[in-house]
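Source file: model.cif (mmCIF, C-alpha atoms and all ligand atoms)
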data_target
loop_
_atom_site.label_atom_id
_atom_site.label_comp_id
_atom_site.auth_asym_id
_atom_site.auth_seq_id
_atom_site.Cartn_x
_atom_site.Cartn_y
_atom_site.Cartn_z
CA MET U 1449 13.72 12.55 -6.61
CA THR U 1450 11.97 15.10 -8.79
CA LEU U 1451 8.37 16.14 -8.61
CA SER U 1452 6.16 17.18 -11.48
CA GLY U 1453 2.84 18.73 -11.04
CA ASN U 1454 2.25 20.84 -8.01
CA SER U 1455 4.35 23.98 -8.34
CA GLN U 1456 1.88 26.34 -10.03
CA ARG U 1457 -1.25 24.59 -8.89
CA PRO U 1458 -3.59 24.85 -5.96
CA ALA U 1459 -2.30 22.26 -3.49
CA LYS U 1460 -5.52 20.30 -3.15
CA ARG U 1461 -7.98 19.36 -5.86
CA THR U 1462 -9.74 16.55 -4.01
CA SER U 1463 -9.47 15.40 -0.42
CA VAL U 1464 -8.17 11.93 -1.30
CA VAL U 1465 -5.19 11.03 -3.47
CA VAL U 1466 -4.32 7.64 -4.95
CA VAL U 1467 -0.59 6.92 -4.59
CA LEU U 1468 0.23 4.70 -7.55
CA PRO U 1469 3.72 3.15 -7.58
CA THR U 1470 4.77 2.13 -11.08
CA TYR U 1471 7.60 0.13 -12.53
CA ASN U 1472 7.06 -0.86 -16.16
CA GLU U 1473 3.32 -0.31 -16.27
CA ALA U 1474 3.20 1.35 -19.72
CA GLU U 1475 0.49 -1.04 -20.87
CA ASN U 1476 -1.71 -0.42 -17.84
CA LEU U 1477 -1.34 3.31 -17.11
CA PRO U 1478 -3.23 4.59 -20.20
CA LEU U 1479 -6.24 2.51 -19.09
CA LEU U 1480 -5.96 2.95 -15.34
CA LEU U 1481 -5.51 6.73 -15.19
CA PRO U 1482 -8.79 7.61 -16.94
CA ALA U 1483 -10.63 5.02 -14.83
CA LEU U 1484 -9.30 6.64 -11.65
CA LEU U 1485 -9.88 10.18 -12.85
CA ALA U 1486 -13.55 9.37 -13.38
CA LEU U 1487 -13.70 9.11 -9.56
CA PRO U 1488 -13.45 11.94 -6.98
CA VAL U 1489 -9.71 11.42 -6.37
CA SER U 1490 -6.35 12.86 -7.40
CA VAL U 1491 -3.55 10.53 -8.51
CA CYS U 1492 0.14 10.67 -7.65
CA VAL U 1493 2.18 8.28 -9.80
CA VAL U 1494 5.50 7.31 -8.16
CA ASP U 1495 7.64 6.06 -11.01
CA ASP U 1496 11.13 4.59 -10.63
CA ASN U 1497 12.53 5.56 -14.02
CA SER U 1498 10.72 2.64 -15.68
CA PRO U 1499 12.60 1.51 -18.81
CA ASP U 1500 9.28 1.09 -20.65
CA GLY U 1501 8.50 4.82 -20.41
CA SER U 1502 5.73 4.69 -17.76
CA GLY U 1503 7.10 7.96 -16.34
CA ALA U 1504 6.65 9.76 -19.66
CA ILE U 1505 3.08 8.44 -19.99
CA ALA U 1506 2.29 9.74 -16.50
CA GLU U 1507 3.85 13.11 -17.44
CA ALA U 1508 1.61 13.41 -20.50
CA TRP U 1509 -1.45 12.86 -18.28
CA ARG U 1510 -0.17 15.38 -15.76
CA GLU U 1511 0.02 18.00 -18.46
CA LYS U 1512 -3.61 17.59 -19.36
CA ASP U 1513 -5.21 16.92 -15.97
CA PRO U 1514 -4.61 19.03 -12.84
CA ARG U 1515 -5.46 16.08 -10.61
CA VAL U 1516 -2.44 14.09 -11.81
CA PHE U 1517 0.93 14.43 -10.08
CA VAL U 1518 4.13 12.49 -10.70
CA LEU U 1519 7.10 11.73 -8.45
CA HIS U 1520 10.07 10.60 -10.50
CA ARG U 1521 12.75 8.58 -8.73
CA PRO U 1522 16.08 7.79 -10.35
CA ALA U 1523 16.01 3.98 -10.19
CA LYS U 1524 14.00 0.98 -8.94
CA LEU U 1525 14.02 1.65 -5.20
CA GLY U 1526 11.28 -0.73 -4.10
CA LEU U 1527 7.57 -0.63 -3.40
CA GLY U 1528 7.87 0.30 0.29
CA THR U 1529 9.93 3.43 -0.28
CA ALA U 1530 7.61 4.37 -3.18
CA TYR U 1531 4.66 4.32 -0.74
CA GLN U 1532 6.75 6.26 1.77
CA ALA U 1533 7.59 9.00 -0.77
CA GLY U 1534 3.92 9.21 -1.79
CA PHE U 1535 2.75 9.43 1.85
CA ARG U 1536 5.19 12.23 2.69
CA TRP U 1537 4.17 14.16 -0.39
CA ALA U 1538 0.43 13.68 0.26
CA LEU U 1539 0.77 14.90 3.87
CA GLU U 1540 2.69 17.99 2.72
CA GLN U 1541 -0.11 18.70 0.23
CA GLY U 1542 -2.78 18.44 2.93
CA PHE U 1543 -4.79 15.53 1.55
CA SER U 1544 -7.08 14.00 4.17
CA GLY U 1545 -6.84 10.45 2.83
CA VAL U 1546 -4.40 8.36 0.81
CA ILE U 1547 -5.28 5.29 -1.24
CA THR U 1548 -2.55 2.86 -2.28
CA MET U 1549 -3.09 0.38 -5.09
CA ASP U 1550 -1.19 -1.61 -7.69
CA ALA U 1551 -1.16 -0.25 -11.23
CA ASP U 1552 -1.85 -3.61 -12.93
CA PHE U 1553 -5.66 -3.82 -12.41
CA SER U 1554 -5.26 -6.54 -9.77
CA HIS U 1555 -6.75 -3.78 -7.62
CA HIS U 1556 -9.65 -2.65 -9.74
CA PRO U 1557 -10.68 1.02 -9.55
CA CYS U 1558 -14.32 -0.07 -9.28
CA TYR U 1559 -13.67 -0.72 -5.55
CA VAL U 1560 -12.39 2.79 -4.80
CA PRO U 1561 -15.92 4.13 -3.98
CA ALA U 1562 -16.35 1.33 -1.39
CA LEU U 1563 -13.08 2.35 0.29
CA LEU U 1564 -14.10 6.03 0.27
CA LYS U 1565 -17.49 5.17 1.77
CA GLU U 1566 -15.83 3.65 4.86
CA MET U 1567 -13.46 6.56 5.44
CA ASP U 1568 -15.65 8.07 8.18
CA ASN U 1569 -15.90 4.74 10.00
CA TYR U 1570 -12.28 3.55 9.93
CA ASP U 1571 -8.78 5.00 9.99
CA LEU U 1572 -7.44 2.30 7.69
CA VAL U 1573 -9.73 0.58 5.20
CA ILE U 1574 -8.33 -2.53 3.49
CA GLY U 1575 -9.59 -3.83 0.14
CA SER U 1576 -9.73 -7.41 1.37
CA ARG U 1577 -9.63 -10.72 -0.46
CA TYR U 1578 -10.46 -12.70 2.68
CA VAL U 1579 -13.77 -11.31 3.95
CA PRO U 1580 -17.16 -12.57 2.71
CA GLY U 1581 -17.64 -11.38 -0.88
CA GLY U 1582 -13.88 -11.16 -1.46
CA GLU U 1583 -12.01 -13.49 -3.77
CA VAL U 1584 -8.54 -14.17 -5.20
CA ARG U 1585 -8.15 -15.11 -8.84
CA TYR U 1586 -4.52 -16.11 -8.68
CA PRO U 1587 -2.62 -19.29 -9.63
CA PHE U 1588 -2.65 -21.88 -6.84
CA HIS U 1589 0.95 -21.35 -5.61
CA ARG U 1590 0.42 -17.59 -5.22
CA ARG U 1591 -2.88 -18.14 -3.35
CA LEU U 1592 -1.14 -20.57 -1.03
CA LEU U 1593 1.68 -18.10 -0.36
CA SER U 1594 -0.72 -15.30 0.42
CA ARG U 1595 -2.80 -17.52 2.74
CA MET U 1596 0.34 -18.66 4.56
CA ALA U 1597 1.58 -15.09 5.02
CA ASN U 1598 -1.78 -14.13 6.51
CA TRP U 1599 -1.93 -17.20 8.74
CA ILE U 1600 1.48 -16.30 10.19
CA ALA U 1601 0.41 -12.67 10.58
CA HIS U 1602 -2.61 -13.80 12.61
CA THR U 1603 -0.92 -16.45 14.75
CA ALA U 1604 2.57 -15.00 15.33
CA LEU U 1605 1.78 -11.29 15.20
CA ARG U 1606 -1.85 -11.36 16.35
CA LEU U 1607 -2.83 -8.99 13.57
CA GLN U 1608 -6.60 -8.61 13.32
CA PRO U 1609 -7.44 -7.88 9.67
CA HIS U 1610 -8.34 -10.91 7.55
CA ASP U 1611 -6.09 -9.63 4.76
CA CYS U 1612 -2.85 -8.19 6.17
CA THR U 1613 -0.85 -8.33 2.95
CA ALA U 1614 -3.25 -6.48 0.66
CA GLY U 1615 -1.83 -3.35 -0.93
CA PHE U 1616 -5.25 -1.87 -1.76
CA ARG U 1617 -5.83 0.46 1.18
CA LEU U 1618 -7.18 3.80 2.27
CA TYR U 1619 -5.33 5.52 5.11
CA ARG U 1620 -6.73 8.59 6.83
CA ALA U 1621 -4.04 11.26 6.94
CA GLU U 1622 -4.05 11.20 10.74
CA VAL U 1623 -2.76 7.61 10.67
CA LEU U 1624 0.16 8.55 8.43
CA ARG U 1625 0.94 11.57 10.61
CA THR U 1626 0.82 9.54 13.84
CA VAL U 1627 2.48 6.18 13.20
CA PRO U 1628 6.26 6.46 12.76
CA ILE U 1629 6.32 5.55 9.07
CA ASP U 1630 9.94 6.64 8.81
CA THR U 1631 10.97 3.83 11.16
CA ILE U 1632 9.60 1.10 8.88
CA PHE U 1633 12.59 -1.01 8.08
CA SER U 1634 11.20 -3.31 5.43
CA ASN U 1635 10.66 -2.60 1.79
CA GLY U 1636 8.59 -4.28 -0.88
CA TYR U 1637 5.73 -6.51 0.22
CA SER U 1638 6.94 -6.81 3.82
CA TYR U 1639 6.16 -3.12 4.17
CA LEU U 1640 2.44 -3.86 4.06
CA LEU U 1641 2.64 -6.26 7.01
CA GLU U 1642 4.72 -3.86 9.05
CA MET U 1643 2.28 -1.03 8.36
CA VAL U 1644 -0.71 -3.07 9.61
CA GLU U 1645 1.26 -4.00 12.72
CA LEU U 1646 1.97 -0.32 13.46
CA VAL U 1647 -1.58 0.89 12.74
CA GLN U 1648 -3.02 -1.80 15.03
CA ARG U 1649 -0.44 -1.11 17.77
CA TYR U 1650 -1.35 2.59 17.75
CA GLY U 1651 -5.00 1.66 18.32
CA PHE U 1652 -6.48 2.94 15.06
CA ARG U 1653 -9.72 1.47 13.72
CA ILE U 1654 -9.13 -0.98 10.86
CA GLY U 1655 -11.97 -1.98 8.53
CA GLU U 1656 -12.15 -4.21 5.47
CA VAL U 1657 -14.27 -4.12 2.33
CA PRO U 1658 -14.42 -7.13 -0.01
CA ILE U 1659 -12.62 -7.03 -3.34
CA ILE U 1660 -12.10 -9.56 -6.10
CA PHE U 1661 -8.38 -9.67 -6.80
CA GLU U 1662 -7.56 -10.55 -10.40
CA ASP U 1663 -4.17 -11.72 -11.60
CA ARG U 1664 -2.42 -9.16 -13.76
CA VAL U 1665 -3.35 -9.37 -17.45
CA ARG U 1666 -0.86 -6.86 -18.94
CA GLY U 1667 2.81 -6.32 -18.09
CA ARG U 1668 5.09 -8.46 -15.94
CA SER U 1669 5.14 -9.27 -12.23
CA LYS U 1670 7.95 -7.82 -10.10
CA ILE U 1671 7.56 -10.13 -7.11
CA SER U 1672 10.64 -12.30 -6.73
CA PHE U 1673 11.78 -15.14 -4.52
CA VAL U 1674 13.94 -12.62 -2.65
CA GLU U 1675 10.82 -10.59 -1.77
CA ILE U 1676 9.23 -13.72 -0.30
CA ILE U 1677 12.29 -14.45 1.84
CA LYS U 1678 12.32 -10.83 3.00
CA ALA U 1679 8.64 -11.06 3.97
CA ALA U 1680 9.37 -14.18 6.06
CA TYR U 1681 12.24 -12.33 7.75
CA THR U 1682 9.96 -9.36 8.50
CA VAL U 1683 7.41 -11.63 10.18
CA ALA U 1684 10.14 -13.20 12.34
CA ARG U 1685 11.52 -9.76 13.29
CA LEU U 1686 8.06 -8.36 14.17
CA ALA U 1687 7.20 -11.48 16.18
CA SER U 1688 10.38 -11.16 18.23
CA ARG U 1689 9.70 -7.44 18.82
CA ARG U 1690 6.18 -8.32 19.95
CA ALA U 1691 7.52 -10.93 22.37
CA ARG U 1692 10.02 -8.38 23.80
CA HIS U 1693 7.26 -5.76 24.30
CA GLN U 1694 5.07 -8.32 26.07
CA ALA U 1695 7.92 -9.38 28.37
CA GLN U 1696 8.61 -5.75 29.29
CA ALA U 1697 4.91 -5.05 29.93
CA ARG U 1698 4.50 -8.08 32.27
CA PRO U 1699 4.45 -6.93 35.95
CA ARG U 1700 7.54 -8.02 37.91
CA PRO U 1701 6.84 -10.33 40.88
CA THR U 1702 6.84 -8.56 44.26
CA GLN U 1703 9.31 -9.66 46.98
CA ALA U 1704 6.48 -11.43 48.83
CA GLU U 1705 5.71 -13.46 45.70
CA GLN U 1706 9.35 -14.43 45.13
N1 LIG D 1801 7.80 2.79 -7.99
C1 LIG D 1801 7.90 1.45 -7.88
N2 LIG D 1801 6.83 0.66 -8.13
C2 LIG D 1801 6.98 -0.68 -8.03
C3 LIG D 1801 8.20 -1.28 -7.67
N3 LIG D 1801 8.02 -2.65 -7.65
C4 LIG D 1801 6.74 -2.85 -7.99
N4 LIG D 1801 6.10 -1.68 -8.23
C5 LIG D 1801 4.68 -1.46 -8.57
O1 LIG D 1801 3.96 -1.98 -7.49
C6 LIG D 1801 2.76 -2.60 -7.92
C7 LIG D 1801 2.77 -4.08 -7.52
O2 LIG D 1801 3.78 -4.79 -8.27
P1 LIG D 1801 3.51 -6.17 -9.05
O3 LIG D 1801 4.62 -6.47 -9.98
O4 LIG D 1801 2.14 -6.12 -9.64
O5 LIG D 1801 3.61 -7.14 -7.90
P2 LIG D 1801 2.54 -8.12 -7.45
O6 LIG D 1801 1.19 -7.48 -7.58
O7 LIG D 1801 2.90 -8.62 -6.12
O8 LIG D 1801 2.77 -9.29 -8.48
P3 LIG D 1801 1.75 -9.86 -9.56
O9 LIG D 1801 0.55 -10.33 -8.85
O10 LIG D 1801 2.48 -10.97 -10.18
O11 LIG D 1801 1.40 -8.76 -10.50
C8 LIG D 1801 2.71 -2.38 -9.42
O12 LIG D 1801 1.96 -1.21 -9.68
C9 LIG D 1801 4.18 -2.19 -9.79
O13 LIG D 1801 4.35 -1.45 -10.96
C10 LIG D 1801 9.33 -0.42 -7.41
O14 LIG D 1801 10.44 -0.85 -7.10
N5 LIG D 1801 9.11 0.91 -7.53
MG MG D 1802 0.31 -7.15 -9.27
#

Would you write the structure of this file as structure tokens?
Amino acid sequence: MTLSGNSQRPAKRTSVVVVLPTYNEAENLPLLLPALLALPVSVCVVDDNSPDGSGAIAEAWREKDPRVFVLHRPAKLGLGTAYQAGFRWALEQGFSGVITMDADFSHHPCYVPALLKEMDNYDLVIGSRYVPGGEVRYPFHRRLLSRMANWIAHTALRLQPHDCTAGFRLYRAEVLRTVPIDTIFSNGYSYLLEMVELVQRYGFRIGEVPIIFEDRVRGRSKISFVEIIKAAYTVARLASRRARHQAQARPRPTQAEQ
């Protein structure tokens, strides 16, 4: 992985950085970057050698704006490891908060101020489709899938947030320093579920702000059937780990009780 952007610069321009994973987002980046840079945040694009030249577009922005950074990875390595690389980098740079969002305007930058506003109240703030005021503008089958994933997260994993699969989030740096992010096994969309499970297990405060989630207008979706199967597997694996922890925590019967 190569890094562009921080060698000759002061490490910290703002206290919060947006980690923006990109794979073939050349149509969106030229619109999204200026929208984000109008806000009090830095941006770290994590590009996986996108064939459409997204990495070069990010580079051009980096050259003209000191709040833009770019991590270049050699090939498509998945959304989860892109977050992971961005988190590690942001912690090294001393940012106090990290926002993650998709680069296709499904997560609109207009909600970033609402996330920032809650940073003093919560350790993880989720841009949520499923709290009052939130909404999903997705085709029916995708809405159903997302609702099912959240239903399973609530019933099998006992996760508390209304929207456990949203990728629009603000993490306080302390969360990323404390929870063992390097142990997260899943990649892609399953990563988001596993992260919520860890943050909740470590007792951090989780808050949600409503967002309206729009389907992508430009560029192509990368979610595949394989990702959906992997997410189902992650839920099963986390549920079995939860059951094991609960069994271990249960007090053993005394001899008198036996
Ligand atoms: N660096 C990197 N970014 C990725 C990878 N896969 C997806 N992304 C980015 O992650 C974000 C979410 O991907 P999308 O294709 O929009 O997936 P999605 O939002 O679930 O699917 P749609 O709703 O159909 O758009 C986008 O910014 C993608 O460019 C990857 O392997 N590496
Ligand atoms: Mg998307």

Can you list, as a PyMOL selection string, every protein, DNA or RNA residue that comes within 12 Å of stretch 1584-1592 of chain U when you count all atoms listed in the file, leaving out same-chain residues fewer than 4 positions away?
chain U and resi 1554-1555+1575-1580+1596-1599+1611+1613-1614+1658-1665+1669+1671-1673+1676

Name each residue within 6 Å of ligand LIG 1801 (chain D), counting only C-alpha atoms and all ligand atoms, as a tab-separated table (two decimals) with C-alpha atoms, keeping the file's coordinate frame.
chain	number	residue	atom	x	y	z
U	1469	PRO	CA	3.72	3.15	-7.58
U	1470	THR	CA	4.77	2.13	-11.08
U	1471	TYR	CA	7.60	0.13	-12.53
U	1472	ASN	CA	7.06	-0.86	-16.16
U	1473	GLU	CA	3.32	-0.31	-16.27
U	1494	VAL	CA	5.50	7.31	-8.16
U	1495	ASP	CA	7.64	6.06	-11.01
U	1496	ASP	CA	11.13	4.59	-10.63
U	1524	LYS	CA	14.00	0.98	-8.94
U	1525	LEU	CA	14.02	1.65	-5.20
U	1526	GLY	CA	11.28	-0.73	-4.10
U	1527	LEU	CA	7.57	-0.63	-3.40
U	1530	ALA	CA	7.61	4.37	-3.18
U	1550	ASP	CA	-1.19	-1.61	-7.69
U	1551	ALA	CA	-1.16	-0.25	-11.23
U	1552	ASP	CA	-1.85	-3.61	-12.93
U	1663	ASP	CA	-4.17	-11.72	-11.60
U	1664	ARG	CA	-2.42	-9.16	-13.76
U	1669	SER	CA	5.14	-9.27	-12.23
U	1670	LYS	CA	7.95	-7.82	-10.10
U	1671	ILE	CA	7.56	-10.13	-7.11

For a test of reading the model, state the distance in Å between atom CA of U:Met1643 and atom CA of U:Arg1521, rounded to one decimal.
22.2 Å

Smallest atom-to-atom distance to ligand MG 1802 (chain D): which of U:Gln1694, U:Ser1634, U:Ser1490, U:Asn1476, using only C-alpha atoms and all ligand atoms?
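Residue with the minimum atom-to-atom distance to ligand MG 1802 (chain D): U:Asn1476.
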
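Shortest atom-to-atom contact with U:Gly1542 among U:Leu1641, U:Val1464, U:Ala1697, U:Ile1654: U:Val1464, counting all atoms listed in the file.
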
Which of these, U:Leu1479, U:Met1549, U:Ala1621, U:Ala1601, has the shortest distance to ligand MG 1802 (chain D) once you count all atoms listed in the file?
U:Met1549

U:Pro1628, U:Ile1574, U:Arg1666, U:Arg1653 ranked by distance to ligand MG 1802 (chain D), top pick (using only C-alpha atoms and all ligand atoms)
U:Arg1666

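Considering the residues U:Arg1649, U:His1610, U:Arg1685, U:Arg1595 and counting all atoms listed in the file, U:Val1627 has its shortest atom-to-atom contact with U:Arg1649.
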
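Interatomic distance, atom CA of U:Pro1482 against atom CA of U:Arg1668: 21.3 Å.
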
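Atom CA of U:Glu1566 lies 23.5 Å from atom CA of U:Arg1606.
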
Fewer than 3 positions away in the same chain doesn't count, so skip those; otherwise give me all residues within 12 Å of U:Asp1568, counting all atoms listed in the file, as a list in words.
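Non-adjacent residues within range: Ser1544, Gly1545, Ala1562, Leu1563, Leu1564, Lys1565, Asp1571, Leu1572, Val1573, Leu1618, Tyr1619, Arg1620, Arg1653, Ile1654 and Gly1655 of chain U.
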
Show me, as a list in words, the residues that have an atom within 9 Å of U:Gly1528 when counting only C-alpha atoms, minus same-chain residues fewer than 4 positions from it.
Gln1532, Ala1533, Ile1632, Ser1634, Asn1635, Gly1636, Tyr1637, Ser1638, Tyr1639 and Leu1640 of chain U

I'd like to know which of U:Ala1695, U:Gln1608, U:Gly1615, U:Pro1557 is closest to ligand MG 1802 (chain D), using all atoms listed in the file.
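Counting all atoms listed in the file, the residue closest to ligand MG 1802 (chain D) is U:Gly1615.
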
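Near U:Phe1543, within 8 Å and counting only C-alpha atoms, sit U:Lys1460, U:Thr1462, U:Ser1463, U:Val1464, U:Val1465, U:Ala1538, U:Leu1539, U:Glu1540, U:Val1546, U:Ala1621, not including residues fewer than 3 positions from it in the same chain.
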
Padding of 3 Å on every side, edges along x, y and z, all listed atoms of stretch 1679-1698 of chain U included: what centre and edge lengths in Å, to one decimal, does that box have, as lines of an AutoDock Vina configuration file?
center_x = 8.4
center_y = -9.6
center_z = 18.1
size_x = 13.7
size_y = 15.1
size_z = 34.3
